[in-house]
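Visitor: One structure follows; several queries about it will come next.
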Amino acid sequence: MASRYNFKESESKWQTQWAEADCFGVTEDPKRPKYYVLDMFPYPSGRIHMGHVRNYTLGDVVARYKRAQGFNVLHPMGWDAFGLPAENAAMERGIHPAAWTFDNIAIMRDQLKGMGLAIDWKRELATCHSGYYQHQQALFLEFLKHDLVYRREAWVNWDPVDHTVLANEQVIDGRGWRSGAEVEKRKLAQWFFRITEFSDDLLKALESLERWPDKVRLMQQKWIGRSEGARVYFPVCGRDEKLEVYTTRPDTLFGASFCALSANHPLAGEIGAKDPAAAAFIAECNKLGTSEEAITRAEKKGYDTGIKVRHPLDETWELPLYIANFVLMDYGTGAIFGCPAHDQRDLDFARKYELPVTPVILPPGHEVAAFSIQDEAYVGPGTAINSRFLDGLEVDAAKSQVIARLGDLGAGQGTVQFRLRDWGASRQRYWGCPIPIIHCQACGVVPVPSDSLPVTLPEDVSFDQPGNPLDHHPTWKMVDCPSCGGPAQRDTDTMDTFVDSSWYFARFCAARSDQPLDRAAVDYWLPVDQYVGGIEHAVLHLLYSRFFTRALQRMGYLDVEEPFDGLFTQGMVCHETYQGADGRWLTPGDIHAGDDGGLVGPDGGVVTRGRSEKMSKSKKNTIDPALIIETYGADTARWFMLSDSPPDRDMDWTESGVEGAFRFLQRLWRQVDERIDSLPPAGAALPSNLSTGAQSLRQAVHKTIAAFTGDLDQFRFNRAVARVYELSNSLAAFRPEDENDKWVEREALESLVQMAGPMVPHLAEELWHKLGQTGLLVEQAWPVADSSLIVDETVMLAVQVNGKKRALIECARDLPEGDVEAQALADQAVRRAMEGKPARKVIVVKNRIVNVVV
RNA sequence: GCGGGUGUGGCGGAAUUGGUAGACGCGCCAGACUCAAAAUCUGGUUCCCGUAAGGGAGUGGGGGUUCGAUUCCCUCCACCCGCACCA
């Protein structure tokens with residue numbers, strides 16, 4: 001009687017053995033090729049969710065596979081542990097953020113260990129630990145020394161209820177995500193990382209990231225947003241001042257009919273100071289929501305300042321100067337010239353304020369006299385008209401001509417403009433890395449001396465009033481100036497948590513070093529060979545990390561430009577959604593099948609089945625991985641994660657799918673269990689005289705090894721899983737004819753177990769030992785296919801007549817074309833389909849297909 | 001609005017990158033085992049006509065290139081994602 005696989009016993013047993021043998025602990029070894037596999041480290045929110053399970057299963061397959069291939073594999077884990085939820089927990093439940101965070105880490109660490117991940121836990125780190133952030137503070141001061149971080153006044157999103165700055169991502173439809181208050185724009189002194197120093201580099205190097213998804217590269221490219229154009233200076237009438245404007249269309253300069261300032265432009269501020277109506281308009285602009293709809297719905301509005309500016313190429317030509325709500329302070333110079341004929345916004349604005357619309361670019365095939373602008377601006381190519389010395393030139397030629405002329409006159413020059421802005425990293429929060437700066441009335445900004453690091457967070461803080469707890473703390477910020485000894489104050493802001501995650505991959509190389517980075521270790525391990533995580537970090541985290549790596553290289557901390565050589569972005573884990581009659585979301589655990597085949601809720605009410613969506617608390621369609629692991633085991637969860645859906649696509653979590661995965665693992669166990677007593681011993685030599693059935697099973701084994709290996713290399717895990725099923729099916733159908741044949745059964749079973757190893761490591765380890773092997777499977781080299789076995793001697797060729805398949809013929813591999821053609825034409829079904837007509841043409845594709853054209 | 005992606009049986013998906021469409025799994029159907037159920041095993045399962053042999057249609061719709069198209073081109077539709085007043 002076949003017994004069953006006891007996953008509970010087995011999983012904890014092997015986890016213990018791997019840990020005791022320190023299988024996954026690594027050190028630098030220059031003699032061996034290294035492979036650094038990194039999974040995006042989790043935020044310790046409380047418990048692991050299915051997204052983590054998918055992410056870490058994918059990374060673990062790579063880590064274990066590369067390890068079996070002989071690489072020295074670094075696969076670490078840590079905690080992205082600073083952030084708002086900890087402060088929210090403190091406010092809502094009165095738990096200290098540190099206690100909440102460390103409790104969560106303890107729970108989640110156990111959960112991850114229960115997944116059987118091949119991780120070097122000795123390198124574990126948490127960004128909220130002073131042992132980590134002290135080095136971050138040291139790096140910050142290095143950045144400051146190298147002028148890669150600086151302080152300036154900046155417009156920020158201000159939540160007037162919570163008294164704090166919000167990141168752009170925390171502003172939803174113009175309102176603070178927590179308070180719901182309308183966000184205002186305020187000017188505050190903030191620390192900025194000089195990411196724009198590397199704009200060009202960051203953009204150009206995207207091309208070299210061949211093992212990144214195109215999608216991510218494209219998103220970063222758009223985000224960096226390089227454009228070529230010109231700075232143009234418009235003299236302001238009655239002032240000894242010039243208005244600087246950025247444009248990508250200097251060729252349309254003679255079509256200008258106005259200039260416009262952003263409401264936050266310094267000149268607008270000056271004007272507002274004297275002109276109450278202007279001030280009111282500016283205030284209105286600043287209140288305007290930043291949400292999508294607010295922007296698309298907002299009417300183009302302007303305020304005529306009454307001031308005139310002179311055209312840079314004609315001092316007799318005066319243009320009105322407006323303050324306009326659609327001009328962004330963040331882009332270019334915060335001021336534009338308007339050319340209504342060739343820009344839709346400018347056209348809308350010109351129509352509203354009855355400004356002239358002069359076409360200066362003539363579309364190909366049009367006559368000057370017959371061409372005019374109606375409701376749509378013309379943005380296409382053409383030749384310059386109404387443009388004096390530019391007339392007749394194509395757009396590109398006109399651009400370079402006008403830039404040359406502007407240069408001669410000192411009225412402008414060609415420039416490259418980026419959309420990317422410096423990274424504002426100050427946060428008015430408690431649970432983050434303190435900025436190691438002291439503000440002294442006498443000395444100004446003074447860095448905290450390195451021997452005074454770390455600047456640790458005070459533990460006795462209260463969250464009972466809005467705003468920054470560090471600022472409210474009675475004593476923490478009060479210090480003596482390190483420079484003059486006078487009374488001074490600490491910077492009470494903390495760093496954006498994206499700073500924490502911008503260098504953790506490098507810290508993992510020597511996680512206990514007393515320096516931020518250990519040069520020998522980073523030189524050995526970096527770059528990360530395979531990074532695995534969600535697409536949601538396509539821009540922010542992945543761009544910041546690329547910037548940090550460049551900055552660290554410049555400062556001599558490491559010598560790579562790109563942190564992540566290969567990037568894989570996994571899809572989301574989805575589940576069906578359920579709603580009760582009252583419209584409330586119901587959790588899958590409360591749903592069961594009714595008698596009539598429909599779904600019934602907890603109270604017996606009717607349940608509507610909704611579309612499958614990303615698992616989320618709000619839709620209540622989450623499945624707790626802990627429950628799955630408890631019921632089916634970690635290997636089942638891992639196996640199901642890898643089956644069916646390609647890893648980069650969203651997948652559906654279904655109960656029946658999990659059960660299917662569980663069934664297969666049990667079947668694999670049975671296949672070994674039922675045969676083990678009659679198998680030859682482990683290590684026995686290949687016998688001669690195998691039956692044809694055994695020979696073809698051997699072929700199947702080696703073909704599978706070759707294909708499976710290729711699939712793993714390409715992240716095609718779902719296909720790799722299917723190949724294991726196929727081989728398992730072949731083995732199940734196999735009947736050995738004699739003792740020799742049983743050698744092949746052993747070979748098939750051992751190969752199956754080895755291939756399954758990276759995916760379902762506990763079961764595979766168990767079976768490996770059941771098969772009589774003595775060492776650990778994780779120490780076993782990856783199987784290699786015998787190339788002489790993966791080529792068939794005969795092939796099945798499809799024969800088409802006029803493109804329709806009519807027959808299958810079996811031929812010797814590489815049979816000459818003439819022989820193949822003869823065999824095809826002799827086939828009964830082919831002849832019937834040809835209806836006695838002669839073949840006009842016969843196409844033979846070697847070892848693949850024959851097409852007869854009649 | 002701009003950019004990108006996806007679309008194949010009841011479902012998840014496969015198809016050697018222009019060469020036998022539907023591998024593998026889920027589900028379903030039938031059978032075996034069982035007093036029975038579960039588990040397991042065997043067979044079947046794109047649709048239509050046909051008892052069958054066989055035939056026809058078929059990869060979101062329409063058109064094209066080709067001996068041959070899920071794959072390439074044009075066009076339309078649906079859904080998803082990213083960016084969004086970027087001058």
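Letters A, B, ... mark the chains of the structure tokens in the order given; residue numbers begin at 1 per chain; ligand numbers begin at 1, in order shown.
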Using only C-alpha atoms (C1' of nucleotides) and a distance of at most 7 Å, pull out the residues of chain B that contact chain A, as a list in words.
Guide: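 That gives G4, G12, G13, G19, U20, C24, G25, C26, C67, G68, G82, C85, C86 and A87 of chain B for chain B.
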Visitor: Keeping only N, CA and C atoms (P, O5', C5', C4', C3', O3' and C1' of nucleotides), write the selected residues as an mmCIF file, in the first residue's frame.
Guide:
```
data_model
loop_
_atom_site.group_PDB
_atom_site.id
_atom_site.type_symbol
_atom_site.label_atom_id
_atom_site.label_comp_id
_atom_site.auth_asym_id
_atom_site.auth_seq_id
_atom_site.Cartn_x
_atom_site.Cartn_y
_atom_site.Cartn_z
ATOM 1 P P G B 4 4.423 53.072 -29.215
ATOM 2 O "O5'" G B 4 4.280 51.996 -28.041
ATOM 3 C "C5'" G B 4 5.446 51.531 -27.365
ATOM 4 C "C4'" G B 4 5.049 50.699 -26.179
ATOM 5 C "C3'" G B 4 4.287 49.418 -26.465
ATOM 6 O "O3'" G B 4 5.114 48.387 -26.962
ATOM 7 C "C1'" G B 4 3.290 50.511 -24.631
ATOM 8 P P G B 12 -8.474 32.211 -19.641
ATOM 9 O "O5'" G B 12 -7.232 31.571 -18.883
ATOM 10 C "C5'" G B 12 -6.947 31.924 -17.538
ATOM 11 C "C4'" G B 12 -5.711 31.217 -17.073
ATOM 12 C "C3'" G B 12 -4.503 31.365 -17.981
ATOM 13 O "O3'" G B 12 -3.865 32.618 -17.784
ATOM 14 C "C1'" G B 12 -4.718 29.108 -17.343
ATOM 15 P P G B 13 -3.042 33.289 -18.946
ATOM 16 O "O5'" G B 13 -1.875 32.222 -19.157
ATOM 17 C "C5'" G B 13 -1.276 32.006 -20.413
ATOM 18 C "C4'" G B 13 -0.774 30.596 -20.454
ATOM 19 C "C3'" G B 13 -0.050 30.194 -21.730
ATOM 20 O "O3'" G B 13 1.339 30.434 -21.570
ATOM 21 C "C1'" G B 13 -1.789 28.663 -21.301
ATOM 22 P P G B 19 7.629 28.844 -38.240
ATOM 23 O "O5'" G B 19 6.902 27.532 -38.739
ATOM 24 C "C5'" G B 19 5.484 27.530 -38.915
ATOM 25 C "C4'" G B 19 5.061 26.253 -39.589
ATOM 26 C "C3'" G B 19 5.816 25.030 -39.097
ATOM 27 O "O3'" G B 19 4.910 23.933 -39.154
ATOM 28 C "C1'" G B 19 6.176 25.286 -41.413
ATOM 29 P P U B 20 4.044 23.587 -37.892
ATOM 30 O "O5'" U B 20 3.311 22.307 -38.462
ATOM 31 C "C5'" U B 20 2.500 22.389 -39.632
ATOM 32 C "C4'" U B 20 1.357 21.432 -39.489
ATOM 33 C "C3'" U B 20 0.510 21.646 -38.227
ATOM 34 O "O3'" U B 20 -0.838 21.317 -38.531
ATOM 35 C "C1'" U B 20 1.440 19.490 -38.193
ATOM 36 P P C B 24 -0.025 16.572 -23.564
ATOM 37 O "O5'" C B 24 0.258 17.438 -22.254
ATOM 38 C "C5'" C B 24 1.503 17.330 -21.559
ATOM 39 C "C4'" C B 24 1.576 18.360 -20.466
ATOM 40 C "C3'" C B 24 0.338 18.448 -19.573
ATOM 41 O "O3'" C B 24 0.297 17.421 -18.599
ATOM 42 C "C1'" C B 24 0.953 20.608 -20.208
ATOM 43 P P G B 25 -1.085 16.879 -18.090
ATOM 44 O "O5'" G B 25 -1.615 18.082 -17.199
ATOM 45 C "C5'" G B 25 -0.927 18.451 -16.010
ATOM 46 C "C4'" G B 25 -1.462 19.748 -15.483
ATOM 47 C "C3'" G B 25 -2.933 19.761 -15.116
ATOM 48 O "O3'" G B 25 -3.161 19.180 -13.851
ATOM 49 C "C1'" G B 25 -2.426 21.691 -16.368
ATOM 50 P P C B 26 -4.528 18.482 -13.546
ATOM 51 O "O5'" C B 26 -5.551 19.699 -13.497
ATOM 52 C "C5'" C B 26 -5.479 20.662 -12.457
ATOM 53 C "C4'" C B 26 -6.483 21.758 -12.692
ATOM 54 C "C3'" C B 26 -7.933 21.316 -12.806
ATOM 55 O "O3'" C B 26 -8.512 21.047 -11.544
ATOM 56 C "C1'" C B 26 -7.463 22.879 -14.492
ATOM 57 P P C B 67 4.019 32.236 -53.569
ATOM 58 O "O5'" C B 67 3.351 30.939 -52.936
ATOM 59 C "C5'" C B 67 2.515 30.098 -53.725
ATOM 60 C "C4'" C B 67 2.214 28.832 -52.960
ATOM 61 C "C3'" C B 67 1.757 29.045 -51.525
ATOM 62 O "O3'" C B 67 0.376 29.331 -51.453
ATOM 63 C "C1'" C B 67 3.443 27.394 -51.563
ATOM 64 P P G B 68 -0.134 30.438 -50.516
ATOM 65 O "O5'" G B 68 0.209 29.843 -49.076
ATOM 66 C "C5'" G B 68 -0.529 28.714 -48.594
ATOM 67 C "C4'" G B 68 0.064 28.211 -47.317
ATOM 68 C "C3'" G B 68 0.161 29.227 -46.189
ATOM 69 O "O3'" G B 68 -1.067 29.358 -45.510
ATOM 70 C "C1'" G B 68 2.192 28.048 -46.361
ATOM 71 P P G B 82 -0.655 51.868 -14.020
ATOM 72 O "O5'" G B 82 0.455 52.635 -14.862
ATOM 73 C "C5'" G B 82 1.828 52.289 -14.746
ATOM 74 C "C4'" G B 82 2.630 53.024 -15.782
ATOM 75 C "C3'" G B 82 2.475 54.533 -15.774
ATOM 76 O "O3'" G B 82 3.247 55.141 -14.759
ATOM 77 C "C1'" G B 82 2.327 53.756 -17.985
ATOM 78 P P C B 85 0.305 67.457 -16.904
ATOM 79 O "O5'" C B 85 0.479 68.430 -18.149
ATOM 80 C "C5'" C B 85 0.147 68.005 -19.453
ATOM 81 C "C4'" C B 85 -0.136 69.234 -20.287
ATOM 82 C "C3'" C B 85 1.042 70.195 -20.301
ATOM 83 O "O3'" C B 85 1.255 70.657 -21.636
ATOM 84 C "C1'" C B 85 -0.945 71.285 -19.614
ATOM 85 P P C B 86 2.120 69.700 -22.629
ATOM 86 O "O5'" C B 86 3.551 69.777 -21.959
ATOM 87 C "C5'" C B 86 4.437 70.862 -22.263
ATOM 88 C "C4'" C B 86 5.849 70.352 -22.212
ATOM 89 C "C3'" C B 86 5.981 68.955 -22.828
ATOM 90 O "O3'" C B 86 6.655 68.895 -24.068
ATOM 91 C "C1'" C B 86 6.744 68.984 -20.525
ATOM 92 P P A B 87 7.868 69.391 -24.574
ATOM 93 O "O5'" A B 87 7.301 70.738 -25.194
ATOM 94 C "C5'" A B 87 8.154 71.817 -25.347
ATOM 95 C "C4'" A B 87 7.332 73.028 -25.655
ATOM 96 C "C3'" A B 87 8.122 74.323 -25.586
ATOM 97 O "O3'" A B 87 8.773 74.612 -26.802
ATOM 98 C "C1'" A B 87 6.201 74.534 -24.263
#
```
Visitor: When DSSP is applied to the backbone of this structure, which of range 779-844 of chain A are assigned strand (DSSP E or B)? Write them out as a list in words.
Guide: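 Filtering range 779-844 of chain A to strand (DSSP E or B) leaves Thr794, Val795, Met796, Leu797, Ala798, Val799, Gln800, Val801, Lys804, Lys805, Arg806, Ala807, Leu808, Ile809, Glu810, Cys811, Ala812, Lys841, Val842, Ile843 and Val844 of chain A.
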Visitor: Could you pull the residues within 12 Å of G5 in chain B, counting only C-alpha atoms (C1' of nucleotides), minus those fewer than 2 positions along the same chain, as a list in words?
Guide: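 Final neighbour list, sorted by chain and number: Pro213, Asp214, Lys215 and Arg649 of chain A; G3, G7, C79, C80, C81 and G82 of chain B.
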Visitor: Quote the spacing between CA of Arg310 in chain A and CA of Ala260 in chain A in Å to one decimal place.
Guide: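 CA of Arg310 in chain A sits 13.1 Å away from CA of Ala260 in chain A.
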Visitor: Can you list, as an NGL selection string, every protein, DNA or RNA residue that comes within 12 Å of U65 in chain B when you count only C-alpha atoms (C1' of nucleotides), leaving out same-chain residues fewer than 6 positions away?
Guide: :B and (18 or 72-74)
Visitor: Using only C-alpha atoms (C1' of nucleotides), determine which residues lie at most 9 Å from Gly432 in chain A, disregarding the query and same-chain residues fewer than 5 positions distant; provide the list as a list in words.
Guide: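 Selected residues are Ala81, Phe82, Gly83, Leu84, Thr127, Cys128, Tyr133, Arg427, Leu457, Asp493, Thr494, Met495, Asp496, Thr497 and Asp500 of chain A.
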Visitor: Which residues are close to His146 in chain A, i.e. within 9 Å by only C-alpha atoms (C1' of nucleotides), leaving aside same-chain residues fewer than 4 positions away? Reply as a PDB file with N, CA, C and O atoms, in the first residue's frame.
Guide:
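part_18.pdb was written with the following content:
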```pdb
ATOM      1  N   LEU A 141      26.556  62.468   3.891  1.00  0.00           N
ATOM      2  CA  LEU A 141      27.557  63.523   4.072  1.00  0.00           C
ATOM      3  C   LEU A 141      28.609  63.490   2.960  1.00  0.00           C
ATOM      4  O   LEU A 141      29.130  64.528   2.564  1.00  0.00           O
ATOM      5  N   GLU A 142      28.897  62.287   2.466  1.00  0.00           N
ATOM      6  CA  GLU A 142      29.796  62.177   1.317  1.00  0.00           C
ATOM      7  C   GLU A 142      29.167  62.808   0.076  1.00  0.00           C
ATOM      8  O   GLU A 142      29.824  63.511  -0.680  1.00  0.00           O
ATOM      9  N   ARG A 554      31.396  57.535  -8.630  1.00  0.00           N
ATOM     10  CA  ARG A 554      32.148  58.786  -8.705  1.00  0.00           C
ATOM     11  C   ARG A 554      32.915  59.043  -7.411  1.00  0.00           C
ATOM     12  O   ARG A 554      34.023  59.552  -7.420  1.00  0.00           O
ATOM     13  N   MET A 555      32.315  58.651  -6.297  1.00  0.00           N
ATOM     14  CA  MET A 555      32.947  58.910  -5.004  1.00  0.00           C
ATOM     15  C   MET A 555      33.922  57.794  -4.604  1.00  0.00           C
ATOM     16  O   MET A 555      34.494  57.836  -3.521  1.00  0.00           O
TER      17      MET A 555
END
```
Visitor: Which residues are near G60 in chain B? Cut-off 10 Å, only C-alpha atoms (C1' of nucleotides), ignore same chain within fewer than 5 positions. Put them as a list in words.
Guide: G7, U8, C77 and A78 of chain B
Visitor: Could you write out the selected residues, including all heavy atoms, as an mmCIF file, in the first residue's frame?
Guide:
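part-v6.cif, written as the output of this step:
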```
data_model
loop_
_atom_site.group_PDB
_atom_site.id
_atom_site.type_symbol
_atom_site.label_atom_id
_atom_site.label_comp_id
_atom_site.auth_asym_id
_atom_site.auth_seq_id
_atom_site.Cartn_x
_atom_site.Cartn_y
_atom_site.Cartn_z
ATOM 1 P P G B 7 -1.728 37.661 -26.728
ATOM 2 O OP1 G B 7 -1.326 36.268 -26.432
ATOM 3 O OP2 G B 7 -1.173 38.360 -27.915
ATOM 4 O "O5'" G B 7 -3.311 37.720 -26.826
ATOM 5 C "C5'" G B 7 -4.104 37.281 -25.726
ATOM 6 C "C4'" G B 7 -5.554 37.652 -25.956
ATOM 7 O "O4'" G B 7 -5.640 39.059 -26.295
ATOM 8 C "C3'" G B 7 -6.221 36.889 -27.098
ATOM 9 O "O3'" G B 7 -7.537 36.497 -26.717
ATOM 10 C "C2'" G B 7 -6.306 37.918 -28.220
ATOM 11 O "O2'" G B 7 -7.440 37.737 -29.051
ATOM 12 C "C1'" G B 7 -6.443 39.221 -27.442
ATOM 13 N N9 G B 7 -5.966 40.364 -28.206
ATOM 14 C C8 G B 7 -4.662 40.686 -28.499
ATOM 15 N N7 G B 7 -4.550 41.766 -29.231
ATOM 16 C C5 G B 7 -5.862 42.180 -29.435
ATOM 17 C C6 G B 7 -6.366 43.287 -30.151
ATOM 18 O O6 G B 7 -5.747 44.151 -30.768
ATOM 19 N N1 G B 7 -7.763 43.335 -30.106
ATOM 20 C C2 G B 7 -8.554 42.434 -29.458
ATOM 21 N N2 G B 7 -9.878 42.645 -29.532
ATOM 22 N N3 G B 7 -8.099 41.394 -28.785
ATOM 23 C C4 G B 7 -6.739 41.332 -28.805
ATOM 24 P P U B 8 -7.685 35.067 -26.055
ATOM 25 O OP1 U B 8 -9.131 34.870 -25.854
ATOM 26 O OP2 U B 8 -6.748 34.964 -24.946
ATOM 27 O "O5'" U B 8 -7.199 34.081 -27.198
ATOM 28 C "C5'" U B 8 -7.933 33.985 -28.420
ATOM 29 C "C4'" U B 8 -7.532 32.736 -29.140
ATOM 30 O "O4'" U B 8 -6.088 32.649 -29.198
ATOM 31 C "C3'" U B 8 -7.940 31.445 -28.462
ATOM 32 O "O3'" U B 8 -9.273 31.100 -28.805
ATOM 33 C "C2'" U B 8 -6.942 30.448 -29.036
ATOM 34 O "O2'" U B 8 -7.335 30.043 -30.334
ATOM 35 C "C1'" U B 8 -5.674 31.301 -29.149
ATOM 36 N N1 U B 8 -4.745 31.131 -28.029
ATOM 37 C C2 U B 8 -3.936 30.008 -28.035
ATOM 38 O O2 U B 8 -3.999 29.170 -28.910
ATOM 39 N N3 U B 8 -3.070 29.910 -26.984
ATOM 40 C C4 U B 8 -2.924 30.791 -25.950
ATOM 41 O O4 U B 8 -2.091 30.569 -25.081
ATOM 42 C C5 U B 8 -3.793 31.930 -26.000
ATOM 43 C C6 U B 8 -4.656 32.055 -27.011
ATOM 44 P P C B 77 -11.879 51.701 -33.940
ATOM 45 O OP1 C B 77 -12.843 52.763 -33.594
ATOM 46 O OP2 C B 77 -10.438 51.885 -33.672
ATOM 47 O "O5'" C B 77 -12.346 50.354 -33.227
ATOM 48 C "C5'" C B 77 -13.676 49.883 -33.353
ATOM 49 C "C4'" C B 77 -13.842 48.569 -32.638
ATOM 50 O "O4'" C B 77 -12.969 47.568 -33.232
ATOM 51 C "C3'" C B 77 -13.432 48.563 -31.178
ATOM 52 O "O3'" C B 77 -14.423 49.122 -30.343
ATOM 53 C "C2'" C B 77 -13.221 47.077 -30.927
ATOM 54 O "O2'" C B 77 -14.448 46.389 -30.775
ATOM 55 C "C1'" C B 77 -12.568 46.634 -32.233
ATOM 56 N N1 C B 77 -11.092 46.620 -32.146
ATOM 57 C C2 C B 77 -10.467 45.551 -31.480
ATOM 58 O O2 C B 77 -11.164 44.659 -30.992
ATOM 59 N N3 C B 77 -9.113 45.524 -31.393
ATOM 60 C C4 C B 77 -8.397 46.501 -31.933
ATOM 61 N N4 C B 77 -7.075 46.429 -31.819
ATOM 62 C C5 C B 77 -8.994 47.603 -32.612
ATOM 63 C C6 C B 77 -10.335 47.621 -32.691
ATOM 64 P P A B 78 -13.973 49.837 -28.959
ATOM 65 O OP1 A B 78 -15.170 50.519 -28.420
ATOM 66 O OP2 A B 78 -12.718 50.592 -29.194
ATOM 67 O "O5'" A B 78 -13.634 48.587 -28.035
ATOM 68 C "C5'" A B 78 -14.659 47.684 -27.644
ATOM 69 C "C4'" A B 78 -14.058 46.526 -26.903
ATOM 70 O "O4'" A B 78 -13.143 45.816 -27.778
ATOM 71 C "C3'" A B 78 -13.193 46.913 -25.710
ATOM 72 O "O3'" A B 78 -13.968 47.181 -24.557
ATOM 73 C "C2'" A B 78 -12.308 45.676 -25.555
ATOM 74 O "O2'" A B 78 -13.006 44.617 -24.939
ATOM 75 C "C1'" A B 78 -12.053 45.312 -27.018
ATOM 76 N N9 A B 78 -10.805 45.910 -27.537
ATOM 77 C C8 A B 78 -10.647 47.037 -28.287
ATOM 78 N N7 A B 78 -9.403 47.299 -28.599
ATOM 79 C C5 A B 78 -8.690 46.264 -28.012
ATOM 80 C C6 A B 78 -7.316 45.968 -27.975
ATOM 81 N N6 A B 78 -6.373 46.695 -28.566
ATOM 82 N N1 A B 78 -6.936 44.866 -27.305
ATOM 83 C C2 A B 78 -7.878 44.122 -26.699
ATOM 84 N N3 A B 78 -9.199 44.293 -26.665
ATOM 85 C C4 A B 78 -9.546 45.401 -27.346
#
```
Visitor: Please return as a count of residues only: the residues of range 188-240 of chain A that backbone DSSP assigns to alpha helix (DSSP H).
Guide: 17
Visitor: Please, what distance in Å, to one decimal, runs between CA of Arg550 in chain A and CA of Glu562 in chain A?
Guide: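 Going from CA of Arg550 in chain A over to CA of Glu562 in chain A covers 7.3 Å.
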Visitor: So the first atom is CA of Arg405 in chain A and the second is CA of Ala341 in chain A; what is the distance between them in Å, to one decimal place?
Guide: 22.4 Å
